[in-house]
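So the structure is just underneath, and the comments pick up after that.
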Amino acid sequence: DSHFVERPEVDAKAEGAIILLDEVGFRNPIAGGRNDNTFGEHAAFEEGLGGLLAGGVGTALGNPADVAMVRMQADGRLPGHLRHNYSSVADALPQMIRSKGFSSLWRGSLPTIMCAMVVTAAQLASYDQFKEALLSRRVLEDGFATHFVASFLAGLVASIVSNPIDVVKTRIQNMSVMPGSPPPYRGSIDCAIKTVHNEGTLALYKGFVPNVARQGPFTHTLFVTLEQIRHLLKDL
């Protein structure tokens, strides 16, 4: 299928909410209910597991809106006779249900959930590890500069590990299935294999530079805010 909009990112607002949910909701119970003075002392395993859980739950609930957004972005590139001319998400969702069934709202949900889980886990675990490394080696003092550098590196890690999953997710969500014809992809693995076979391994990293450019400002803002929340919660 040639009508793809590569969108190698998880929606920023949803991602931020997922990460904050992990900080205050999931990870503390996973850590045995302890409430250390410094959140950064949590083990990387706890960071990653909390991110996986929060990312999976949040994205499963938001998948219909994500599918609608992807299809709305792609609709303008389709030939005129194939366009749905969605006017809004509120218009797109009912049209998708009528034409493709209720289950179409969760098309590509597995790679979507996997991508959000990987992004959230990678950002949380790597941010605290980078921050602890900078502080323990006395490269920087604890403050804005440390948070800035650690968040940039965390965003870079998240982009590297999640970009292939998100490319696959977007292609599955956006594939056109003609009546009487088999779908272009049978699933996530089939999509990844065909993409690499037809376009090469680097096709899984289409949109990587814009993804990193998006992750930079986003992770800076997110983790600076998160540090303030940590400061407020540290004595609770």
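Residue numbers start at 1 in each chain; chains themselves are named A, B, ... in the order of the structure tokens; ligands are numbered from 1 in the order shown.
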
Which of range 47-209 of chain A fall in alpha helix (DSSP H), as a PyMOL selection string: chain A and resi 47-75+89-100+109-136+144-174+188-199+208-209

Report as a tab-separated table the residues of range 51-99 of chain A within 9 Å of range 111-124 of chain A, each with its shortest atom pair and distance in Å (one decimal), using only C-alpha atoms, ordered by chain and increasing residue number.
```
residue	atom	partner	partner_atom	distance
A:Gly51	CA	A:Ala121	CA	4.0
A:Leu52	CA	A:Met117	CA	4.4
A:Leu53	CA	A:Met117	CA	7.0
A:Ala54	CA	A:Met117	CA	7.3
A:Gly55	CA	A:Met117	CA	4.3
A:Gly56	CA	A:Ile113	CA	5.2
A:Val57	CA	A:Ile113	CA	8.0
A:Gly58	CA	A:Ala116	CA	8.4
A:Thr59	CA	A:Ile113	CA	5.5
A:Ala60	CA	A:Ile113	CA	6.2
A:Asn63	CA	A:Thr112	CA	7.3
A:Asp66	CA	A:Thr112	CA	8.7
```

Atomic separation - CA of Gly143 in chain A relative to CA of Ser162 in chain A, Å: 28.1 Å

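Distances from A:Phe102, A:Tyr127, A:Phe223, A:Tyr185 to Ala158 in chain A were compared using only C-alpha atoms, and the smallest one belongs to A:Tyr127.
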
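Residue nearest Ser176 in chain A within the list A:Leu134, A:Val67, A:Leu78, A:Val209: A:Leu78 [criterion: smallest interatomic distance, only C-alpha atoms].
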
Contact residues around Ala90 in chain A with only C-alpha atoms at 12 Å, ignoring same-chain residues under 5 positions, as number ranges by chain: A: 64-65, 68-69, 72, 95-97

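Distances here use only C-alpha atoms; by that measure, the residue among A:Arg171, A:Ser109, A:Val177, A:Phe130 closest to Leu82 in chain A is A:Val177.
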
Residues within 7 Å of Phe152 in chain A, only C-alpha atoms, excluding chain neighbours under 4 positions, as an NGL selection string: :A and (148 or 156 or 216 or 219-220)

Keeping N, CA, C and O atoms for every residue in the selection just given, could you write it to a file as a PDB file, in the first residue's frame?
```
ATOM      1  N   PHE A 148      18.248  18.456  31.982  1.00  0.00           N
ATOM      2  CA  PHE A 148      18.227  18.714  30.540  1.00  0.00           C
ATOM      3  C   PHE A 148      18.998  17.626  29.785  1.00  0.00           C
ATOM      4  O   PHE A 148      18.495  17.049  28.818  1.00  0.00           O
ATOM      5  N   LEU A 156      16.432  10.212  23.245  1.00  0.00           N
ATOM      6  CA  LEU A 156      17.172   9.555  22.168  1.00  0.00           C
ATOM      7  C   LEU A 156      17.031   8.036  22.282  1.00  0.00           C
ATOM      8  O   LEU A 156      16.780   7.347  21.278  1.00  0.00           O
ATOM      9  N   GLY A 216      12.994  15.583  21.897  1.00  0.00           N
ATOM     10  CA  GLY A 216      13.851  16.484  22.651  1.00  0.00           C
ATOM     11  C   GLY A 216      13.085  17.485  23.496  1.00  0.00           C
ATOM     12  O   GLY A 216      13.118  17.421  24.733  1.00  0.00           O
ATOM     13  N   THR A 219      10.622  15.674  26.035  1.00  0.00           N
ATOM     14  CA  THR A 219      11.200  15.044  27.223  1.00  0.00           C
ATOM     15  C   THR A 219      11.794  16.079  28.167  1.00  0.00           C
ATOM     16  O   THR A 219      11.741  15.902  29.388  1.00  0.00           O
ATOM     17  N   HIS A 220      12.345  17.160  27.619  1.00  0.00           N
ATOM     18  CA  HIS A 220      12.856  18.223  28.488  1.00  0.00           C
ATOM     19  C   HIS A 220      11.741  18.786  29.352  1.00  0.00           C
ATOM     20  O   HIS A 220      11.859  18.885  30.583  1.00  0.00           O
TER      21      HIS A 220
END
```
